[in-house]
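> Dropping in entry-v4.pdb, which is PDB, C-alpha atoms:
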```pdb
ATOM      1  CA  MET A 143     -93.118 136.859  17.012
ATOM      2  CA  LYS A 144     -92.013 133.272  16.382
ATOM      3  CA  GLN A 145     -88.437 134.337  15.653
ATOM      4  CA  THR A 146     -88.301 136.619  18.686
ATOM      5  CA  ILE A 147     -89.616 133.977  21.081
ATOM      6  CA  ALA A 148     -87.305 131.348  19.575
ATOM      7  CA  ARG A 149     -84.299 133.593  20.218
ATOM      8  CA  ARG A 150     -85.420 134.192  23.779
ATOM      9  CA  LEU A 151     -85.812 130.467  24.472
ATOM     10  CA  LEU A 152     -82.345 129.816  23.057
ATOM     11  CA  SER A 153     -80.848 132.601  25.161
ATOM     12  CA  ILE A 154     -81.974 131.040  28.465
ATOM     13  CA  GLY A 155     -81.347 127.426  27.470
ATOM     14  CA  ALA A 156     -85.038 126.525  27.471
ATOM     15  CA  VAL A 157     -84.421 124.874  24.116
ATOM     16  CA  PHE A 158     -81.232 123.044  23.178
ATOM     17  CA  LEU A 159     -80.238 122.101  19.638
ATOM     18  CA  ARG A 160     -77.507 119.464  19.592
ATOM     19  CA  PRO A 161     -77.580 117.516  16.325
ATOM     20  CA  GLU A 162     -73.999 116.323  16.725
ATOM     21  CA  ASP A 163     -74.745 114.732  20.121
ATOM     22  CA  PRO A 164     -78.438 113.764  20.189
ATOM     23  CA  PHE A 165     -80.583 113.658  23.298
ATOM     24  CA  THR A 166     -82.512 110.510  24.163
ATOM     25  CA  TRP A 167     -86.165 111.120  24.981
ATOM     26  CA  ALA A 168     -88.046 108.987  27.516
ATOM     27  CA  SER A 169     -89.572 107.135  24.561
ATOM     28  CA  GLY A 170     -86.080 106.133  23.403
ATOM     29  CA  ILE A 171     -86.183 108.426  20.361
ATOM     30  CA  LYS A 172     -82.891 110.095  19.497
ATOM     31  CA  SER A 173     -83.499 113.814  19.083
ATOM     32  CA  PRO A 174     -81.379 116.799  18.046
ATOM     33  CA  VAL A 175     -83.555 119.056  20.189
ATOM     34  CA  TYR A 176     -84.582 119.130  23.825
ATOM     35  CA  THR A 177     -87.074 121.516  25.401
ATOM     36  CA  ASP A 178     -87.379 122.600  29.026
ATOM     37  CA  ASN A 179     -89.862 125.459  29.141
ATOM     38  CA  ARG A 180     -89.857 125.400  32.938
ATOM     39  CA  LEU A 181     -86.789 127.629  32.673
ATOM     40  CA  ILE A 182     -89.001 130.410  31.301
ATOM     41  CA  LEU A 183     -90.467 130.921  34.764
ATOM     42  CA  THR A 184     -87.042 131.656  36.231
ATOM     43  CA  ALA A 185     -86.160 134.306  33.629
ATOM     44  CA  PRO A 186     -88.376 137.354  34.299
ATOM     45  CA  THR A 187     -87.697 139.269  31.083
ATOM     46  CA  VAL A 188     -88.264 136.257  28.836
ATOM     47  CA  ARG A 189     -91.223 135.183  30.966
ATOM     48  CA  SER A 190     -92.858 138.554  30.414
ATOM     49  CA  GLU A 191     -92.446 138.303  26.643
ATOM     50  CA  VAL A 192     -93.716 134.733  26.510
ATOM     51  CA  GLU A 193     -96.789 135.356  28.648
ATOM     52  CA  SER A 194     -97.644 138.519  26.706
ATOM     53  CA  ALA A 195     -97.321 136.537  23.474
ATOM     54  CA  ILE A 196     -99.644 133.852  24.854
ATOM     55  CA  ALA A 197    -102.233 136.437  25.896
ATOM     56  CA  ASP A 198    -101.990 138.269  22.557
ATOM     57  CA  THR A 199    -102.365 134.984  20.662
ATOM     58  CA  VAL A 200    -105.472 134.020  22.620
ATOM     59  CA  ARG A 201    -107.018 137.444  21.968
ATOM     60  CA  ARG A 202    -106.210 137.256  18.247
ATOM     61  CA  GLU A 203    -107.039 133.620  17.512
ATOM     62  CA  PHE A 204    -109.812 133.014  20.051
ATOM     63  CA  PRO A 205    -111.494 136.364  20.785
ATOM     64  CA  ASP A 206    -114.510 134.693  22.440
ATOM     65  CA  CYS A 207    -112.370 132.991  25.102
ATOM     66  CA  GLU A 208    -113.809 133.217  28.623
ATOM     67  CA  VAL A 209    -111.484 130.912  30.596
ATOM     68  CA  LEU A 210    -107.905 129.657  30.267
ATOM     69  CA  MET A 211    -107.197 126.080  31.322
ATOM     70  CA  GLY A 212    -103.608 124.934  31.818
ATOM     71  CA  THR A 213    -102.352 121.425  31.261
ATOM     72  CA  ALA A 214    -100.885 119.729  34.317
ATOM     73  CA  THR A 215     -98.324 120.514  35.311
ATOM     74  CA  ALA A 216     -96.323 122.480  32.766
ATOM     75  CA  GLY A 217     -99.138 124.662  31.486
ATOM     76  CA  ILE A 218    -100.527 125.763  34.846
ATOM     77  CA  ALA A 219     -98.226 128.702  35.587
ATOM     78  CA  HIS A 220     -98.394 129.995  32.019
ATOM     79  CA  ALA A 221    -102.188 129.837  32.045
ATOM     80  CA  ALA A 222    -102.276 131.684  35.364
ATOM     81  CA  ILE A 223    -100.005 134.513  34.224
ATOM     82  CA  ALA A 224    -101.692 134.908  30.836
ATOM     83  CA  ALA A 225    -105.140 134.886  32.469
ATOM     84  CA  HIS A 226    -103.947 137.600  34.846
ATOM     85  CA  LEU A 227    -102.855 139.726  31.876
ATOM     86  CA  MET A 228    -106.226 139.159  30.223
ATOM     87  CA  ASN A 229    -108.198 139.588  33.444
ATOM     88  CA  ILE A 230    -110.130 136.351  32.920
ATOM     89  CA  PRO A 231    -110.530 133.184  35.050
ATOM     90  CA  MET A 232    -108.176 130.231  34.835
ATOM     91  CA  GLY A 233    -107.957 126.693  36.076
ATOM     92  CA  TYR A 234    -106.181 123.513  35.127
ATOM     93  CA  VAL A 235    -106.834 119.922  34.168
ATOM     94  CA  ARG A 236    -105.171 117.073  36.025
ATOM     95  CA  SER A 237    -103.759 114.114  34.112
ATOM     96  CA  SER A 238    -106.222 111.981  36.115
ATOM     97  CA  SER A 239    -108.852 112.536  38.791
ATOM     98  CA  LYS A 240    -107.767 112.917  42.402
ATOM     99  CA  ASP A 241    -108.248 109.799  44.522
ATOM    100  CA  HIS A 242    -109.462 111.827  47.508
ATOM    101  CA  GLY A 243    -111.687 114.746  48.424
ATOM    102  CA  ARG A 244    -114.032 115.718  45.600
ATOM    103  CA  GLN A 245    -112.005 113.620  43.140
ATOM    104  CA  ASN A 246    -111.719 116.552  40.749
ATOM    105  CA  ARG A 247    -109.924 116.306  37.464
ATOM    106  CA  ILE A 248    -110.743 119.875  36.494
ATOM    107  CA  GLU A 249    -109.571 122.403  39.073
ATOM    108  CA  GLY A 250    -111.051 125.885  39.245
ATOM    109  CA  HIS A 251    -114.590 127.100  38.670
ATOM    110  CA  LEU A 252    -115.929 126.057  35.282
ATOM    111  CA  GLU A 253    -119.479 125.858  33.973
ATOM    112  CA  PRO A 254    -120.756 123.691  31.109
ATOM    113  CA  GLY A 255    -120.802 125.848  27.993
ATOM    114  CA  ASP A 256    -117.905 128.071  29.070
ATOM    115  CA  LYS A 257    -115.631 128.962  26.156
ATOM    116  CA  VAL A 258    -112.175 127.663  27.001
ATOM    117  CA  VAL A 259    -108.672 127.893  25.544
ATOM    118  CA  VAL A 260    -106.123 125.337  26.752
ATOM    119  CA  ILE A 261    -102.577 126.529  27.490
ATOM    120  CA  GLU A 262     -99.814 123.993  26.880
ATOM    121  CA  ASP A 263     -96.068 124.445  27.078
ATOM    122  CA  LEU A 264     -95.017 121.909  24.425
ATOM    123  CA  ILE A 265     -96.676 119.872  21.684
ATOM    124  CA  SER A 266     -94.951 116.894  20.086
ATOM    125  CA  THR A 267     -97.339 114.054  19.187
ATOM    126  CA  GLY A 268    -100.304 115.918  20.700
ATOM    127  CA  GLY A 269    -101.418 113.062  22.932
ATOM    128  CA  SER A 270    -101.409 114.805  26.306
ATOM    129  CA  VAL A 271    -103.162 117.976  25.174
ATOM    130  CA  ILE A 272    -105.818 115.939  23.361
ATOM    131  CA  GLN A 273    -106.545 114.137  26.643
ATOM    132  CA  THR A 274    -106.931 117.524  28.333
ATOM    133  CA  VAL A 275    -109.338 118.743  25.657
ATOM    134  CA  ASP A 276    -111.312 115.489  25.868
ATOM    135  CA  ALA A 277    -111.753 115.948  29.627
ATOM    136  CA  LEU A 278    -113.022 119.510  29.163
ATOM    137  CA  ARG A 279    -115.393 118.488  26.382
ATOM    138  CA  GLU A 280    -116.710 115.615  28.476
ATOM    139  CA  PHE A 281    -117.431 118.129  31.250
ATOM    140  CA  GLY A 282    -119.388 120.231  28.788
ATOM    141  CA  ALA A 283    -117.000 123.115  28.135
ATOM    142  CA  GLU A 284    -116.679 124.546  24.637
ATOM    143  CA  VAL A 285    -112.985 124.214  23.819
ATOM    144  CA  LEU A 286    -112.094 126.873  21.268
ATOM    145  CA  GLY A 287    -108.553 125.615  20.843
ATOM    146  CA  VAL A 288    -105.049 125.312  22.240
ATOM    147  CA  VAL A 289    -102.218 127.825  22.537
ATOM    148  CA  SER A 290     -98.767 126.347  23.144
ATOM    149  CA  ILE A 291     -95.380 127.916  23.689
ATOM    150  CA  PHE A 292     -93.507 125.523  21.397
ATOM    151  CA  THR A 293     -94.376 122.804  18.900
ATOM    152  CA  TYR A 294     -92.123 120.414  17.013
ATOM    153  CA  ASN A 295     -94.509 120.637  14.024
ATOM    154  CA  MET A 296     -94.434 116.848  13.741
ATOM    155  CA  ALA A 297     -96.762 115.463  11.093
ATOM    156  CA  ARG A 298     -98.069 112.897  13.584
ATOM    157  CA  GLY A 299     -98.977 115.614  16.074
ATOM    158  CA  LYS A 300    -100.664 117.844  13.498
ATOM    159  CA  GLU A 301    -102.679 114.916  12.159
ATOM    160  CA  ALA A 302    -103.765 113.859  15.653
ATOM    161  CA  LEU A 303    -104.957 117.377  16.476
ATOM    162  CA  LYS A 304    -106.798 117.631  13.158
ATOM    163  CA  ASN A 305    -108.535 114.296  13.742
ATOM    164  CA  ALA A 306    -109.570 115.477  17.220
ATOM    165  CA  ASN A 307    -110.972 118.688  15.700
ATOM    166  CA  ILE A 308    -108.630 120.884  17.741
ATOM    167  CA  LYS A 309    -107.271 124.197  16.499
ATOM    168  CA  ALA A 310    -103.752 124.586  17.894
ATOM    169  CA  VAL A 311    -101.603 127.703  17.638
ATOM    170  CA  SER A 312     -98.041 127.964  18.943
ATOM    171  CA  ILE A 313     -96.132 131.153  19.671
ATOM    172  CA  THR A 314     -92.997 129.549  18.217
ATOM    173  CA  ASP A 315     -91.971 126.270  16.616
ATOM    174  CA  LEU A 316     -89.069 124.107  15.495
ATOM    175  CA  ASP A 317     -88.834 125.742  12.072
ATOM    176  CA  ALA A 318     -88.459 129.214  13.583
ATOM    177  CA  LEU A 319     -86.044 127.838  16.157
ATOM    178  CA  CYS A 320     -83.756 126.389  13.486
ATOM    179  CA  GLU A 321     -83.616 129.693  11.624
ATOM    180  CA  ALA A 322     -82.905 131.640  14.804
ATOM    181  CA  ALA A 323     -80.325 129.120  16.006
ATOM    182  CA  ALA A 324     -78.399 129.242  12.722
ATOM    183  CA  ALA A 325     -78.500 133.048  12.681
ATOM    184  CA  GLU A 326     -77.213 133.189  16.254
ATOM    185  CA  GLY A 327     -74.478 130.583  15.669
ATOM    186  CA  TYR A 328     -75.936 127.841  17.849
ATOM    187  CA  ILE A 329     -75.946 125.447  14.881
ATOM    188  CA  ALA A 330     -74.535 125.504  11.359
ATOM    189  CA  GLU A 331     -76.775 126.336   8.410
ATOM    190  CA  SER A 332     -76.158 122.779   7.172
ATOM    191  CA  ASP A 333     -77.718 121.404  10.374
ATOM    192  CA  ILE A 334     -81.142 122.896   9.636
ATOM    193  CA  ALA A 335     -82.005 120.218   7.059
ATOM    194  CA  ARG A 336     -80.954 117.494   9.501
ATOM    195  CA  VAL A 337     -83.166 118.835  12.279
ATOM    196  CA  LEU A 338     -86.139 119.237   9.962
ATOM    197  CA  LYS A 339     -85.617 115.693   8.663
ATOM    198  CA  PHE A 340     -85.949 114.523  12.277
ATOM    199  CA  ARG A 341     -89.137 116.584  12.558
ATOM    200  CA  ASP A 342     -90.624 114.887   9.512
ATOM    201  CA  ASP A 343     -90.033 111.374  10.890
ATOM    202  CA  PRO A 344     -88.556 111.060  14.412
ATOM    203  CA  LEU A 345     -88.349 107.269  14.070
ATOM    204  CA  ASP A 346     -86.048 107.531  11.047
ATOM    205  CA  GLU A 347     -82.565 107.981  12.498
ATOM    206  CA  SER A 348     -80.924 108.617   9.131
ATOM    207  CA  TRP A 349     -80.885 112.346   9.968
ATOM    208  CA  MET A 350     -77.941 111.556  12.290
ATOM    209  CA  GLU A 351     -75.885 110.267   9.372
ATOM    210  CA  ALA A 352     -76.295 113.461   7.374
ATOM    211  CA  GLY A 353     -73.565 115.245   9.280
ATOM    212  CA  GLU A 354     -71.045 112.427   9.234
TER     213      GLU A 354
END
```
Hey, can you dump this file as structure tokens for me?

Amino acid sequence: MKQTIARRLLSIGAVFLRPEDPFTWASGIKSPVYTDNRLILTAPTVRSEVESAIADTVRREFPDCEVLMGTATAGIAHAAIAAHLMNIPMGYVRSSSKDHGRQNRIEGHLEPGDKVVVIEDLISTGGSVIQTVDALREFGAEVLGVVSIFTYNMARGKEALKNANIKAVSITDLDALCEAAAAEGYIAESDIARVLKFRDDPLDESWMEAGE
């Protein structure tokens, strides 16, 4: 599944690998990879495969799930479609409470004790999804875990999720992406080690020198 989804994301440009001309993230980090999973929603065939993979992963990894909760804003549509396939309720968690009306942070009907799986589009350091889980736990929901579309598999992110006692499963990841990208000719085989060196320590820019 990871290889198939990785190939699909590459085919629609939802993930770019460009080690020879790095992207600059908002944090200032130079990266050989950039992800825009919003493009999945505009590609019906790929969207169908991704949402089916999300639903299948929830069923397999979290069979007791009662509700899907999307992260705002990227996870909302994916949670809605996957919940439709599973015929279960969904909602989403705002990054902060509204400043008007009922001042909700959690949108959709949820009861304390409900068994929830969070749907996220992308995990890097894990910070945003941990905040989402914290909000649900504070409300009283039982968060079974997180299903994401893509993860960079960064050590910092995995450690943060472990420390927060969160089980996270992704339908594809950077390792699978590198293999698929090399097989499809998007990058050279020699670039895989460079990309994975970035994964291991994004603050160490020596991976950029490896190809020079």
> Sort by chain and increasing residue number a table of all residues of segment 182-247 of chain A within 9 Å of segment 280-289 of chain A, each with its closest pair of atoms and their distance in Å to one decimal, counting all atoms listed in the file, and write it as a Markdown table.

```
| residue | atom | partner | partner_atom | distance |
| --- | --- | --- | --- | --- |
| A:Ile196 | CA | A:Val289 | CA | 7.0 |
| A:Thr199 | CA | A:Val289 | CA | 7.4 |
| A:Val200 | CA | A:Val289 | CA | 7.0 |
| A:Glu203 | CA | A:Gly287 | CA | 8.8 |
| A:Phe204 | CA | A:Leu286 | CA | 6.7 |
| A:Asp206 | CA | A:Leu286 | CA | 8.3 |
| A:Cys207 | CA | A:Leu286 | CA | 7.2 |
```
> Which protein, DNA or RNA residues are at most 8 Å from (-99.6, 117.1, 17.0) in the file's coordinates when you count all atoms listed in the file, listed as a PyMOL selection string?
chain A and resi 265-269+293+295-303
> Find the residues around His226 of chain A up to 12 Å (only C-alpha atoms counted), leave out those fewer than 5 positions away in its own chain, and share them as a PDB file with C-alpha atoms, in the coordinates of the input.

```
ATOM      1  CA  SER A 190     -92.858 138.554  30.414  1.00  0.00           C
ATOM      2  CA  GLU A 193     -96.789 135.356  28.648  1.00  0.00           C
ATOM      3  CA  SER A 194     -97.644 138.519  26.706  1.00  0.00           C
ATOM      4  CA  ILE A 196     -99.644 133.852  24.854  1.00  0.00           C
ATOM      5  CA  ALA A 197    -102.233 136.437  25.896  1.00  0.00           C
ATOM      6  CA  VAL A 209    -111.484 130.912  30.596  1.00  0.00           C
ATOM      7  CA  LEU A 210    -107.905 129.657  30.267  1.00  0.00           C
ATOM      8  CA  ALA A 219     -98.226 128.702  35.587  1.00  0.00           C
ATOM      9  CA  HIS A 220     -98.394 129.995  32.019  1.00  0.00           C
ATOM     10  CA  ALA A 221    -102.188 129.837  32.045  1.00  0.00           C
ATOM     11  CA  PRO A 231    -110.530 133.184  35.050  1.00  0.00           C
ATOM     12  CA  MET A 232    -108.176 130.231  34.835  1.00  0.00           C
ATOM     13  CA  GLY A 233    -107.957 126.693  36.076  1.00  0.00           C
TER      14      GLY A 233
END
```
> Please write out, as lines of an AutoDock Vina configuration file, where the centre of an axis-aligned box around all listed atoms of segment 340-346 of chain A lies and how long its edges are, in Å to one decimal, after adding 4 Å on each side.

```
center_x = -88.3
center_y = 111.9
center_z = 12.0
size_x = 12.7
size_y = 17.3
size_z = 12.9
```
> Ranking A:Phe165, A:Asn179, A:Asp315, A:Ala325 by minimum distance to Leu338 of chain A and counting only C-alpha atoms, which one comes first?
A:Asp315
> So which residues get picked by the PyMOL selection byres ((chain A and resi 143) around 10) here, written as an MDAnalysis selection string?
chainID A and resid 144:149 191:192 195 313:314 318
> Between A:Leu159, A:Ile223, A:Ala335, A:Val260, which one has atoms that come closest to Val311 of chain A, using all atoms listed in the file?
A:Val260
> Using only C-alpha atoms, which of the listed residues (A:Leu278, A:Leu151, A:Ile334, A:Ala224) sits closest to Ile182 of chain A?
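Of the candidates, the smallest distance to Ile182 of chain A is held by A:Leu151.
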> Applied to this file, what does the PyMOL selection byres ((chain A and resi 271) around 10) return in terms of residues, put as a ChimeraX atom specification?
/A:212-214,235,237,260-270,272-277,288,290,303,308,310
> Counting all atoms listed in the file, what is within 8 Å of Ala323 of chain A, bar same-chain residues fewer than 4 positions away, as a PyMOL selection string?
chain A and resi 149+152+159+319+327-329
> Which value, in Å to one decimal, gives the distance between atom CA of Ser332 of chain A and atom CA of Ile291 of chain A?
25.9 Å
> With the PyMOL selection byres ((chain A and resi 256) around 7) as the selection, what would be picked from this file? Answer as number ranges by chain, please.
A: 208, 252-255, 257-258, 283-284
> Missing atoms in segment 298-309 of chain A should be modelled up to all heavy atoms and reported as a compact mmCIF listing (two decimals), keeping the file's coordinate frame.

```
# COMPACT_ATOMS: atom_id res chain seq x y z
N ARG A 298 -97.21 113.74 12.76
CA ARG A 298 -98.07 112.90 13.58
C ARG A 298 -98.90 113.75 14.55
O ARG A 298 -100.09 113.51 14.75
CB ARG A 298 -97.22 111.90 14.37
CG ARG A 298 -98.01 111.01 15.32
CD ARG A 298 -97.08 110.08 16.06
NE ARG A 298 -97.79 109.37 17.13
CZ ARG A 298 -97.19 108.60 18.03
NH1 ARG A 298 -95.86 108.44 17.98
NH2 ARG A 298 -97.88 108.00 18.97
N GLY A 299 -98.27 114.75 15.13
CA GLY A 299 -98.98 115.61 16.07
C GLY A 299 -100.04 116.45 15.38
O GLY A 299 -101.17 116.58 15.88
N LYS A 300 -99.70 117.01 14.23
CA LYS A 300 -100.66 117.84 13.50
C LYS A 300 -101.86 117.02 13.04
O LYS A 300 -103.01 117.48 13.08
CB LYS A 300 -99.98 118.52 12.31
CG LYS A 300 -98.99 119.60 12.73
CD LYS A 300 -98.54 120.45 11.58
CE LYS A 300 -97.58 119.73 10.67
NZ LYS A 300 -96.99 120.65 9.65
N GLU A 301 -101.59 115.79 12.61
CA GLU A 301 -102.68 114.92 12.16
C GLU A 301 -103.59 114.53 13.32
O GLU A 301 -104.82 114.50 13.18
CB GLU A 301 -102.10 113.66 11.50
CG GLU A 301 -103.13 112.73 10.90
CD GLU A 301 -103.82 113.32 9.67
OE1 GLU A 301 -103.29 114.28 9.09
OE2 GLU A 301 -104.88 112.79 9.29
N ALA A 302 -102.97 114.24 14.48
CA ALA A 302 -103.76 113.86 15.65
C ALA A 302 -104.68 115.00 16.09
O ALA A 302 -105.85 114.79 16.43
CB ALA A 302 -102.84 113.45 16.79
N LEU A 303 -104.16 116.21 16.09
CA LEU A 303 -104.96 117.38 16.48
C LEU A 303 -106.08 117.62 15.47
O LEU A 303 -107.21 117.95 15.85
CB LEU A 303 -104.07 118.61 16.59
CG LEU A 303 -103.09 118.60 17.77
CD1 LEU A 303 -102.01 119.66 17.57
CD2 LEU A 303 -103.81 118.83 19.09
N LYS A 304 -105.78 117.45 14.20
CA LYS A 304 -106.80 117.63 13.16
C LYS A 304 -107.92 116.61 13.33
O LYS A 304 -109.11 116.95 13.25
CB LYS A 304 -106.16 117.49 11.78
CG LYS A 304 -107.15 117.65 10.62
CD LYS A 304 -106.44 117.48 9.29
CE LYS A 304 -107.43 117.56 8.13
NZ LYS A 304 -106.75 117.37 6.81
N ASN A 305 -107.53 115.35 13.58
CA ASN A 305 -108.54 114.30 13.74
C ASN A 305 -109.39 114.52 14.99
O ASN A 305 -110.55 114.09 15.03
CB ASN A 305 -107.86 112.93 13.83
CG ASN A 305 -107.26 112.50 12.50
OD1 ASN A 305 -107.64 113.00 11.44
ND2 ASN A 305 -106.30 111.59 12.55
N ALA A 306 -108.83 115.18 16.00
CA ALA A 306 -109.57 115.48 17.22
C ALA A 306 -110.34 116.79 17.12
O ALA A 306 -110.97 117.22 18.09
CB ALA A 306 -108.62 115.52 18.41
N ASN A 307 -110.28 117.42 15.95
CA ASN A 307 -110.97 118.69 15.70
C ASN A 307 -110.53 119.76 16.69
O ASN A 307 -111.35 120.44 17.31
CB ASN A 307 -112.49 118.50 15.77
CG ASN A 307 -113.25 119.70 15.21
OD1 ASN A 307 -112.76 120.42 14.35
ND2 ASN A 307 -114.45 119.94 15.72
N ILE A 308 -109.21 119.90 16.82
CA ILE A 308 -108.63 120.88 17.74
C ILE A 308 -107.78 121.88 16.95
O ILE A 308 -106.84 121.49 16.25
CB ILE A 308 -107.75 120.20 18.81
CG1 ILE A 308 -108.58 119.25 19.67
CG2 ILE A 308 -107.07 121.25 19.70
CD1 ILE A 308 -107.74 118.38 20.59
N LYS A 309 -108.11 123.15 17.07
CA LYS A 309 -107.27 124.20 16.50
C LYS A 309 -106.15 124.50 17.48
O LYS A 309 -106.40 124.84 18.64
CB LYS A 309 -108.09 125.46 16.24
CG LYS A 309 -107.26 126.63 15.71
CD LYS A 309 -108.10 127.87 15.50
CE LYS A 309 -107.27 129.06 15.05
NZ LYS A 309 -108.07 130.28 14.82
```
